[in-house]
Amino acid sequence: MRIDNNIEIEFPIVNLSISDWNNKDIDYSVIFLCGCKTRIFNQTYLEKYFLNHDFLDSNGNLFKIIEIKSLGKWKKHIPFVFRNTLVYSSLDENISLEKAKKIILKKIEDFDDKNDEFLNDWKKIIKTSKTYEGIMLY
């Protein structure tokens, strides 16, 4: 996908900067499915969980969100409307699928409930996945 600053990012992407995936506050900040616009209007939330965070795309490329541009404060009153544009910058780095698997498995291991069926199934899928997208979506 080509975005504002001509960087190609293959979505979905996963946030590698959030250290505690078990935090209930990050429900939809870890795996980001769509492009450069978001419906999130809470600026503090965006700055805390998106701005200057490193993301891994579905091709193994690393990016950082360097700017959050508002599309207009009036839009927060209209449901299902994009409110912000996220501007990405390439880190000019690619990580291997195996390394990505290790990173995500480590983050899943930090969850409180080690016997959670969903998490255990997700770990199995990650271990056998042959694509970056496969380790992000379950």
# chains A, B, ... in the order shown; residues from 1 in each chain; ligands from 1
call {"tool": "residues_around", "arguments": {"residues": "Tyr88 in chain A", "least_positions_apart": "6", "cutoff": "6 Å", "atoms": "only C-alpha atoms", "output": "PDB file with N, CA and C atoms, in the first residue's frame"}}
result
ATOM      1  N   LYS A  64       8.125   3.168  11.445  1.00  0.00           N
ATOM      2  CA  LYS A  64       7.798   3.937  12.641  1.00  0.00           C
ATOM      3  C   LYS A  64       6.746   4.966  12.250  1.00  0.00           C
ATOM      4  N   ILE A  65       5.771   5.161  13.123  1.00  0.00           N
ATOM      5  CA  ILE A  65       4.802   6.237  12.910  1.00  0.00           C
ATOM      6  C   ILE A  65       5.444   7.507  13.445  1.00  0.00           C
ATOM      7  N   ILE A  66       5.663   8.473  12.561  1.00  0.00           N
ATOM      8  CA  ILE A  66       6.404   9.679  12.941  1.00  0.00           C
ATOM      9  C   ILE A  66       5.511  10.898  13.147  1.00  0.00           C
TER      10      ILE A  66
END
call {"tool": "atom_distance", "arguments": {"atom1": "CA of Lys102 in chain A", "atom2": "CA of Tyr132 in chain A"}}
result
11.9 Å
call {"tool": "closest_residue", "arguments": {"among": "A:Glu67, A:Glu133, A:Leu105, A:Lys99", "to": "Asn120 in chain A", "atoms": "only C-alpha atoms"}}
result
A:Leu105
call {"tool": "atom_distance", "arguments": {"atom1": "CA of Ser58 in chain A", "atom2": "CA of Thr85 in chain A"}}
result
20.0 Å
call {"tool": "atom_distance", "arguments": {"atom1": "CA of Phe55 in chain A", "atom2": "CA of Val14 in chain A"}}
result
5.4 Å
call {"tool": "closest_residue", "arguments": {"among": "A:Ile104, A:Leu46, A:Glu117, A:Ile68", "to": "Leu16 in chain A", "atoms": "only C-alpha atoms"}}
result
A:Ile104
call {"tool": "decode", "arguments": {"residues": "range 91-103 of chain A", "atoms": "N, CA and C atoms", "output": "PDB file, in the first residue's frame"}}
result
ATOM      1  N   LEU A  91      12.250   2.244   8.549  1.00  0.00           N
ATOM      2  CA  LEU A  91      13.475   2.098   9.337  1.00  0.00           C
ATOM      3  C   LEU A  91      14.570   1.423   8.505  1.00  0.00           C
ATOM      4  N   ASP A  92      14.251   1.173   7.232  1.00  0.00           N
ATOM      5  CA  ASP A  92      15.193   0.527   6.303  1.00  0.00           C
ATOM      6  C   ASP A  92      15.776  -0.747   6.904  1.00  0.00           C
ATOM      7  N   GLU A  93      14.885  -1.520   7.505  1.00  0.00           N
ATOM      8  CA  GLU A  93      15.305  -2.779   8.125  1.00  0.00           C
ATOM      9  C   GLU A  93      14.233  -3.829   7.872  1.00  0.00           C
ATOM     10  N   ASN A  94      14.678  -5.040   7.628  1.00  0.00           N
ATOM     11  CA  ASN A  94      13.781  -6.170   7.426  1.00  0.00           C
ATOM     12  C   ASN A  94      14.191  -7.252   8.402  1.00  0.00           C
ATOM     13  N   ILE A  95      13.205  -7.861   9.068  1.00  0.00           N
ATOM     14  CA  ILE A  95      13.561  -8.963   9.959  1.00  0.00           C
ATOM     15  C   ILE A  95      13.012 -10.264   9.388  1.00  0.00           C
ATOM     16  N   SER A  96      13.689 -11.334   9.669  1.00  0.00           N
ATOM     17  CA  SER A  96      13.295 -12.630   9.131  1.00  0.00           C
ATOM     18  C   SER A  96      11.998 -13.105   9.772  1.00  0.00           C
ATOM     19  N   LEU A  97      11.322 -14.004   9.095  1.00  0.00           N
ATOM     20  CA  LEU A  97      10.087 -14.569   9.616  1.00  0.00           C
ATOM     21  C   LEU A  97      10.352 -15.286  10.933  1.00  0.00           C
ATOM     22  N   GLU A  98      11.464 -16.002  11.017  1.00  0.00           N
ATOM     23  CA  GLU A  98      11.789 -16.719  12.252  1.00  0.00           C
ATOM     24  C   GLU A  98      11.996 -15.762  13.423  1.00  0.00           C
ATOM     25  N   LYS A  99      12.667 -14.660  13.178  1.00  0.00           N
ATOM     26  CA  LYS A  99      12.869 -13.670  14.244  1.00  0.00           C
ATOM     27  C   LYS A  99      11.537 -13.040  14.649  1.00  0.00           C
ATOM     28  N   ALA A 100      10.695 -12.747  13.666  1.00  0.00           N
ATOM     29  CA  ALA A 100       9.375 -12.181  13.958  1.00  0.00           C
ATOM     30  C   ALA A 100       8.551 -13.153  14.797  1.00  0.00           C
ATOM     31  N   LYS A 101       8.621 -14.434  14.462  1.00  0.00           N
ATOM     32  CA  LYS A 101       7.912 -15.444  15.249  1.00  0.00           C
ATOM     33  C   LYS A 101       8.382 -15.427  16.700  1.00  0.00           C
ATOM     34  N   LYS A 102       9.688 -15.370  16.904  1.00  0.00           N
ATOM     35  CA  LYS A 102      10.242 -15.365  18.266  1.00  0.00           C
ATOM     36  C   LYS A 102       9.774 -14.139  19.047  1.00  0.00           C
ATOM     37  N   ILE A 103       9.764 -12.985  18.397  1.00  0.00           N
ATOM     38  CA  ILE A 103       9.340 -11.748  19.061  1.00  0.00           C
ATOM     39  C   ILE A 103       7.876 -11.846  19.496  1.00  0.00           C
TER      40      ILE A 103
END
